[in-house]
Amino acid sequence: MPADFSGLWARDYSRGDSVNQVLRDAYYELAKKNYNNGQAVPGPSQRDVSMLIPLARLVELITRTDQLAISQTKHEILVERKDDFAIMCTFFNGVAKPIENAFGKETCGWTGDRLVSVQDFMDGLRVVNQFDTSEDRQELRVITTAMSDTAPMPFTITHYYRRFERVPGRFECIETLSRKRVCGIGALTP
Amino acid sequence: MTVRTHHRLCLTTILVFVVATAPAAQSAETLIAATSDGTALNVTIPIFDPGIPDDPSAFRDLQVFPRIRRIEAKLMPFLLREILVESEQWGAVRVEADPDPAAELQLFGKIVRSDGDWLDLRIRAVDATGNIWFDKIFSGQASEESDKHTDDEGTPVFQAVYLDIAVELAAARDHIDESAVSKIKGTSLMLYASELSPTAFSGYLSQGDDGRVRLLRLPARDDPMLKRIEVIRNTEYLFTDTVDAKFREFNADLARTYKAWRELRRKFVDYNDWNVKFAQSRGGDFKRGSWEAIEHQYKAYKYDRVAAQEQDRLAIAFNTEVIATVNAMEARIAELDGWVERGHLEWRGLLEEIFELESGL
């Protein structure tokens, strides 16, 4: 794998985009495009706005998580997010294998050291997540883009995360099937 | 007493063999009468091929949980064994860790699909001569009856599948006459004997281009070498049965956890059905590109993925719970297998030496 993202990451709220700001910038871009096209009414069209806002809402929803837990092996990268499914990239002999169900498909790839996950949903909706780290691997950047052929433009926001280590708790827990979560003090054996 | 004779007596004493008088040629039927308990064939079931794809990235698509498949591959032969024993149509039915090249009748199994609700099991039945009785996939759904059982032991999960196999096996046996059964038994014994003492027994068998083994002739009923072989084989059976008993303990230990796993898998199947209905029922109601439509598209995919990932989590929980039992069982079986392998090497050396002394070769 070209890069290692494994670890726990906490959102760095001092950096990154705000959805409202990106949306305002998008309105400006749409208005500029309309102006260049010779439309008399200033600002973006009502239709463009009504089709862009759903993408913005989706991106806001799926980037809400404040923590990411990433595990990585030779065959798999798993990005676990609170209240959402984990983004998953699987590889066999270095080749990415798509994950597919009746409602969509996830495909991964690399652009240099950047991991790109493309999720295609029904009816032309697409979400792209791009991951890269700083050189010292202490900072993770996640660029999320939603796009659809119904919307006038893609909607992209960037968030930053800082690496952190989990402090060991007093209790050690294991998951079992018939007894559910079992916790105790010290190392546990099933 | 010469050194050579003394050596011979020592070997004979160590192995507790009966030394017999001069051999005479016998028919296959006569030999069987002398060496086995009639026409019931002994059945060997090696642990199944878990059917795990080489490509790990295919596990999720195919709903394969490798560690659980490996456990199922050990549990299922035991369940099949129970059904065959209950049918009272067979001799000893043994579950073994590895295939036995000298088995009278061997059932090779491969798990093609096992998702808690549905089982596809490929079974290939092959006798000692290499004749394939059948090679087919048996399928079935988990019986509702089995899910009503609250006890932890002996839950007849997929009982219909194992019954189908037993019926197919019995039908195949009905097509074979007693002379063929005698040949199978004779071939089995000669395969075992020639493996232990190739010098003495390799001339009794030949192998065709098709891989099938042909019994050319048989040693005399009271051939001393043959009697020694039988003593060794019976001793080995004792060890095999000890391994088999370990499989039974293993089955009892894991039954409760495996049942919980199966029930959860069935719930996931139900949940996935619900999700398909959810996606189909309201998808067309919303205006294309609206928030409701986009949210619906995202959620349909999300719910499916969350369910799949929850199954992964439960598979890990399953492993956590059973790993100690599995490790203990595998260590014990490895120990017993090691004992048998070491015994084989020693027996083989001793038998070759005795044959050399007796035949003057």
# chains A, B, ... in the order shown; residues from 1 in each chain; ligands from 1
>>> closest_atom_pairs(of="chain B", to="chain A", cutoff="7 Å", atoms="only C-alpha atoms", output="Markdown table")
| residue | atom | partner | partner_atom | distance |
| --- | --- | --- | --- | --- |
| B:Asp55 | CA | A:Phe92 | CA | 6.5 |
| B:Pro56 | CA | A:Phe92 | CA | 7.0 |
| B:Ser57 | CA | A:Thr90 | CA | 5.7 |
| B:Thr257 | CA | A:Ser178 | CA | 6.0 |
| B:Ala260 | CA | A:Ser178 | CA | 6.4 |
| B:Gly289 | CA | A:Thr150 | CA | 5.3 |
| B:Ser290 | CA | A:Pro54 | CA | 6.2 |
| B:Trp291 | CA | A:Pro54 | CA | 4.5 |
| B:Gln297 | CA | A:Met122 | CA | 5.9 |
| B:Tyr298 | CA | A:Phe121 | CA | 6.7 |
| B:Ala300 | CA | A:Phe103 | CA | 6.2 |
| B:Tyr301 | CA | A:Phe103 | CA | 5.0 |
| B:Lys302 | CA | A:Phe85 | CA | 5.8 |
| B:Arg305 | CA | A:Phe85 | CA | 5.9 |
| B:Val306 | CA | A:Phe85 | CA | 5.0 |
| B:Leu314 | CA | A:Leu177 | CA | 6.5 |
| B:Ala317 | CA | A:Thr176 | CA | 4.3 |
| B:Phe318 | CA | A:Leu177 | CA | 5.2 |
| B:Thr320 | CA | A:Thr176 | CA | 6.2 |
| B:Glu321 | CA | A:Pro190 | CA | 5.3 |
>>> write_last_selection(atoms="C-alpha atoms", output="CSV table (one decimal), in the first residue's frame")
chain,number,residue,atom,x,y,z
B,55,ASP,CA,-9.3,-14.3,-3.1
B,56,PRO,CA,-9.9,-12.7,0.3
B,57,SER,CA,-11.7,-9.8,-1.3
B,257,THR,CA,-22.5,-20.6,20.1
B,260,ALA,CA,-26.6,-18.3,18.2
B,289,GLY,CA,-32.5,15.1,-7.2
B,290,SER,CA,-34.5,16.2,-4.2
B,291,TRP,CA,-33.2,15.8,-0.6
B,297,GLN,CA,-30.6,6.4,-2.1
B,298,TYR,CA,-27.9,6.9,0.5
B,300,ALA,CA,-30.6,2.1,1.2
B,301,TYR,CA,-26.9,1.5,0.6
B,302,LYS,CA,-26.0,2.5,4.1
B,305,ARG,CA,-23.5,-2.0,4.5
B,306,VAL,CA,-24.1,-1.5,8.2
B,314,LEU,CA,-20.4,-10.9,15.2
B,317,ALA,CA,-17.2,-12.3,18.5
B,318,PHE,CA,-17.9,-15.9,17.5
B,320,THR,CA,-13.4,-14.9,20.4
B,321,GLU,CA,-15.8,-17.2,22.1
>>> residues_around(residues="segment 37-48 of chain A", least_positions_apart="6", cutoff="6 Å", atoms="only C-alpha atoms", output="ChimeraX atom specification")
/A:27,30-31,152
>>> closest_residue(among="A:Lys82, A:Leu8, A:Leu115, A:Gly184", to="Arg64 of chain A", atoms="only C-alpha atoms")
A:Lys82
>>> atom_distance(atom1="atom CA of Glu330 of chain B", atom2="atom CA of Glu195 of chain B")
25.9 Å
>>> select_by_dssp(residues="segment 35-168 of chain A", states="strand (DSSP E)", output="PyMOL selection string")
chain A and resi 67-72+76-81+87-92+95-97+99-101+104-111+114-121+126-133+139-147+155-164
>>> residues_around(residues="Asp132 of chain A", least_positions_apart="4", cutoff="7 Å", atoms="only C-alpha atoms", output="MDAnalysis selection string")
chainID A and resid 113:115 140:142
>>> atom_distance(atom1="atom CA of Pro198 of chain B", atom2="atom CA of Leu336 of chain B")
24.3 Å
>>> closest_residue(among="B:Ala102, B:Ile137, B:Ala331, B:Val231", to="Lys246 of chain B", atoms="only C-alpha atoms")
B:Ala331
>>> residues_around(residues="segment 201-213 of chain B", least_positions_apart="2", cutoff="12 Å", atoms="only C-alpha atoms", output="count of residues only")
40
>>> select_by_dssp(residues="segment 54-174 of chain A", states="alpha helix (DSSP H)", output="list of chain:residue names")
A:Pro54, A:Leu55, A:Ala56, A:Arg57, A:Leu58, A:Val59, A:Glu60, A:Leu61, A:Ile62
>>> closest_residue(among="B:Lys287, B:Met329, B:Ala200, B:Ala255", to="Arg348 of chain B", atoms="only C-alpha atoms")
B:Ala200
>>> atom_distance(atom1="atom CA of Asp115 of chain B", atom2="atom CA of Leu75 of chain B")
14.8 Å
>>> closest_residue(among="B:Ala73, B:Ile232, B:Val43, B:Ala252", to="Ile111 of chain B", atoms="only C-alpha atoms")
B:Ala73
>>> closest_residue(among="B:Trp90, B:Phe65, B:Phe78, B:Phe108", to="Asp49 of chain B", atoms="only C-alpha atoms")
B:Phe108
>>> closest_residue(among="A:Val49, A:Thr145, A:Val128, A:Pro168", to="Glu29 of chain A", atoms="only C-alpha atoms")
A:Val49
>>> residues_around(residues="Arg137 of chain A", least_positions_apart="5", cutoff="10 Å", atoms="only C-alpha atoms", output="PyMOL selection string")
chain A and resi 3-6+132+162-163
>>> write_last_selection(atoms="N, CA and C atoms", output="compact mmCIF listing (two decimals), in the first residue's frame")
# COMPACT_ATOMS: atom_id res chain seq x y z
N ALA A 3 0.40 4.20 1.21
CA ALA A 3 0.39 4.99 2.45
C ALA A 3 -0.32 4.22 3.55
N ASP A 4 0.02 4.59 4.79
CA ASP A 4 -0.58 3.92 5.94
C ASP A 4 -1.45 4.91 6.70
N PHE A 5 -2.75 4.64 6.75
CA PHE A 5 -3.67 5.54 7.44
C PHE A 5 -4.12 4.99 8.80
N SER A 6 -3.60 3.83 9.16
CA SER A 6 -4.15 3.16 10.34
C SER A 6 -3.98 3.99 11.60
N ASP A 132 -5.55 11.68 2.57
CA ASP A 132 -4.08 11.71 2.57
C ASP A 132 -3.58 12.23 3.91
N ARG A 162 -6.67 14.90 13.56
CA ARG A 162 -5.37 14.72 14.23
C ARG A 162 -5.32 13.32 14.83
N ARG A 163 -4.15 12.72 14.75
CA ARG A 163 -3.98 11.38 15.32
C ARG A 163 -4.07 11.44 16.86
